[in-house]
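Novice: Following this message is one structure expressed as structure tokens.
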2 protein chains.
Amino acid sequence: MTINITTQTKEYNIVIDTLEKMTLQKVAIITNPTVSGLHINYLTSKLQAQEMYIITLPDGEEYKTFQSVNYALDRLFDAKLDRNSMIIAFGGGVIGDMSGFIASIFLRGIDFIQIPTTLLAMVDSSVGGKTGINNKYGKNLIGAFWQPNAVYIDTKFLSTLPKREFNAGMAEVIKMAVMFDRVFFENLADDKLTIEQIIRNSIEIKAEVVNQDEKEKGIRSVLNYGHTFGHVIENLTNYSTYLHGEAVAIGMVIANKLAVKLGYLDEYEEKEILKLLQKYDLPTYYEIDDVEEFYQHFFADKKTLNNTIKFIIPHGIGNYKILQNVDKDVILEVLNQFKRDKNANL
Amino acid sequence: MTINITTQTKEYNIVIDTLEKMTLQKVAIITNPTVSGLHINYLTSKLQAQEMYIITLPDGEEYKTFQSVNYALDRLFDAKLDRNSMIIAFGGGVIGDMSGFIASIFLRGIDFIQIPTTLLAMVDSSVGGKTGINNKYGKNLIGAFWQPNAVYIDTKFLSTLPKREFNAGMAEVIKMAVMFDRVFFENLADDKLTIEQIIRNSIEIKAEVVNQDEKEKGIRSVLNYGHTFGHVIENLTNYSTYLHGEAVAIGMVIANKLAVKLGYLDEYEEKEILKLLQKYDLPTYYEIDDVEEFYQHFFADKKTLNNTIKFIIPHGIGNYKILQNVDKDVILEVLNQFKRDKNANL
């Protein structure tokens with residue numbers, strides 16, 4: 001099945017199906033050793049290209065850096081790719097984000113295709129054109145909006161995905177259900193959906209959001225539910241303790257506490273969300289060392305405008321609420337519920 | 001006076017006038033020590049900002065690198081600029097190209113204003129949204145199309161511009177006249193224009209080209225007249241012997257030889273162009289060491305598609321011709337006229 005995305009700069013399709021044969025002129029596949037080891041033969045068997053190059057970048061969020069980007073760019077120049085060439089991002093969110101960024105700045109921008117191999121990349125990061133890298137100041141702080149020419153989702157790749165990574169992808173699925181679609185949430189809770197249906201539901205939500213607001217001036221920020229807190233946790237743990245989706249899961253739990261505190265979510269609903277996260281073995285607690293330090297980390301986030309932080313919380317399940325100008329005291333009270341040496345109230 | 005640019009992504013004005021007062025929230029001025037030393041007080045006297053940061057990058061084409069970009073990005077993060085902040089590019093082409101690229105990738109893109117201080121930047125590089133940096137593979141090979149929010153041209157800055165740099169800017173002016181406007185060319189040759197008129201004429205040409213073809217899929221490539229050869233010369237001399245405009249001047253002379261050889265330009269017109277370049281003390285000869293090596297350098301250029309090089313030549317003065325698939329032999333014959341130890345036929 002096919003879902004269409006139409007942004008100011010590009011129109012393209014997301015195809016959920018067994019990978020079809022592609023004919024290309026000159027192509028560079030950017031991937032990592034794990035994905036390459038498992039699936040490169042499958043991919044290349046589908047590709048007919050005059051020239052094909054495979055660029056392998058180290059696996060993991062800690063390598064989503066300028067250094068990796070520079071290495072890949074040099075390989076593209078060595079291979080003499082030109083403005084008519086194609087980049088294929090073949091991997092999870094890290095590979096997708098970096099490849100998109102590389103495509104956006106190589107020769108001032110060339111075409112690229114996303115072929116995500118993780119659930120997280122399939123349901124979220126491969127769709128919508130956000131690209132970027134991390135630096136010492138935080139996540140995805142350098143990057144571009146650069147839409148792919150197509151996204152091909154073949155669930156075959158999920159067969160080799162470690163359970164932990166699959167579950168991390170489910171965190172983003174749950175995020176979309178909680179924000180936008182109560183029925184989807186209930187179907188997830190009741191185990192009523194195939195993985196294809198889960199992916200399709202998620203992408204339909206994401207596509208609608210991106211079509212309305214590519215550059216995240218408004219509704220697209222709702223997709224950051226769980227991320228404001230999650231990014232701080234990732235940063236404080238050097239991106240090495242939690243997978244992105246895991247940090248987002250904890251972030252949703254914290255955001256839910258804020259929602260409950262402000263009366264937007266009742267405790268029963270909070271528990272329903274918690275249960276769904278736990279069903280996928282996602283972490284739902286993080287011990288905060290220093291609440292003030294945690295709070296200060298918000299101000300490094302690129303979404304922080306004029307030193308005011310936007311918090312995205314559920315307004316019941318299936319609806320969102322964007323909070324501006326929340327009192328620091330209120331946030332600190334919520335964070336204190338996660339403070340080390342305190343009994344957490346989960 | 002004001003000239004309008006309308007691209008797919010942005011509409012903005014180029015204002016040629018004494019700099020007016022600007023009110024901004026948070027702004028970072030990116031400049032170099034020379035411009036800063038001479039003019040920063042003038043600029044800041046025109047700026048009303050809640051927070052203002054000045055980032056100084058080393059002066060010169062050889063510093064148009066990833067390293068400089070990274071340094072500036074770190075300063076922007078230190079200063080906690082956000083998505084509502086503004087970058088001001090205050091300098092010549094190098095500062096403009098780097099600042100635009102920085103603006104394009106900082107937090108996935110923020111606004112920026114061009115305030116060019118050299119003639120070259122005023123008539124050409126500040127207009128049209130091409131940004132980028134050099135690397136060991138060549139010039140401007142990494143970058144983005146990222147339009148400024150405005151370009152403010154105040155000819156006051158030209159009073160401190162070294163004569164050699166002024167002349168290098170005139171090379172780009174002459175380029176536009178030769179390609180698009182015979183009357184403009186004649187007025188230049190007859191010294192009939194004020195500097196404001198020269199700038200205005202050039203920008204009007206550039207604006208029309210950019211409005212038609214922002215991403216250089218067609219007519220915008222005509223502005224590369226002199227650049228295909230010029231870039232090779234810059235590269236072979238490590239960007240240290242010639243200013244960009246000087247290399248372009250030599251490049252135009254070589255392109256003209258090709259045009260004469262193929263019958264698109266007669267020798268009298270060739271001489272007219274040569275005379276105008278010499279009037280501004282621009283170099284018009286370069287001794288090529290190794291013709292084959294020179295030729296191979298074309299293939300590193302980002303405009304080289306499928307290993308075919310596009311040559312832009314004058315078709316008479318005031319008209320252009322885009323050549324595809326020129327025989328290598330023909331090019332080598334032209335290059336041989338510039339070969340070391342050969343009598344040049346200029």
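Identifiers in the structure tokens: chain A, B, ... in order shown; residue index from 1 per chain; ligand index from 1 in order shown.
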Give one line per residue of chain B that approaches chain A to at most 7 Å, naming the two atoms of the closest pair and their distance in Å to one decimal, counting only C-alpha atoms; sort by chain then ascending residue number and deliver it as CSV.
Specialist:
residue,atom,partner,partner_atom,distance
B:Phe77,CA,A:Tyr137,CA,7.0
B:Lys80,CA,A:Ala300,CA,6.9
B:Asp82,CA,A:Leu305,CA,5.7
B:Arg83,CA,A:Leu305,CA,6.6
B:Asn84,CA,A:Leu305,CA,6.7
B:Ser104,CA,A:Ala144,CA,6.9
B:Ile105,CA,A:Gly143,CA,4.8
B:Phe106,CA,A:Ile142,CA,5.1
B:Leu107,CA,A:Leu141,CA,4.9
B:Arg108,CA,A:Ala144,CA,4.1
B:Gly109,CA,A:Ala144,CA,6.3
B:Tyr137,CA,A:Phe77,CA,7.0
B:Leu141,CA,A:Leu107,CA,4.9
B:Ile142,CA,A:Phe106,CA,5.1
B:Gly143,CA,A:Arg108,CA,4.5
B:Ala144,CA,A:Arg108,CA,4.1
B:Phe145,CA,A:Arg108,CA,6.1
B:Ala300,CA,A:Lys80,CA,6.9
B:Lys302,CA,A:Leu107,CA,5.8
B:Thr304,CA,A:Asp82,CA,6.6
B:Leu305,CA,A:Asp82,CA,5.6
Novice: Out of B:Val15, B:Leu188, B:Met86, B:Met122, which residue has the shortest atom-to-atom distance to Phe157 (chain B) when counting only C-alpha atoms?
Specialist: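 Closest to Phe157 (chain B) of all the choices is B:Met122.
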Novice: Check the smallest atom-to-atom distance from each of A:Pro314, A:Pro283, A:Gly37, A:Pro58 to Thr160 (chain A) using only C-alpha atoms, then report the winner.
Specialist: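 Of the candidates, the smallest distance to Thr160 (chain A) is held by A:Gly37.
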Novice: Write out as JSON, numbers by chain all residues of region 47-240 of chain B that DSSP puts in helix (DSSP H, G or I) for this structure's backbone.
Specialist: {"B": [61, 62, 63, 66, 67, 68, 69, 70, 71, 72, 73, 74, 75, 76, 77, 78, 93, 94, 95, 96, 97, 98, 99, 100, 101, 102, 103, 104, 105, 119, 120, 121, 122, 123, 124, 125, 155, 156, 157, 158, 159, 160, 163, 164, 165, 166, 167, 168, 169, 170, 171, 172, 173, 174, 175, 176, 177, 178, 179, 180, 182, 183, 184, 185, 186, 187, 188, 189, 195, 196, 197, 198, 199, 200, 201, 202, 203, 204, 205, 206, 207, 208, 209, 210, 211, 212, 219, 220, 221, 222, 223, 224, 227, 228, 229, 230, 231, 232, 233, 234, 235, 236]}
Novice: Near Ala49 (chain A), counting only C-alpha atoms, which residues have an atom at most 8 Å away, once you skip same-chain residues fewer than 2 positions from it, shown as a count of residues only?
Specialist: 8
Novice: Pick from B:Leu335, B:Ala28, B:His297, B:Val222: nearest to His315 (chain B), with only C-alpha atoms counted?
Specialist: B:Val222
Novice: Record the distance separating CA of Ala150 (chain B) and CA of Ile195 (chain B), expressed in Å with one decimal.
Specialist: 20.7 Å
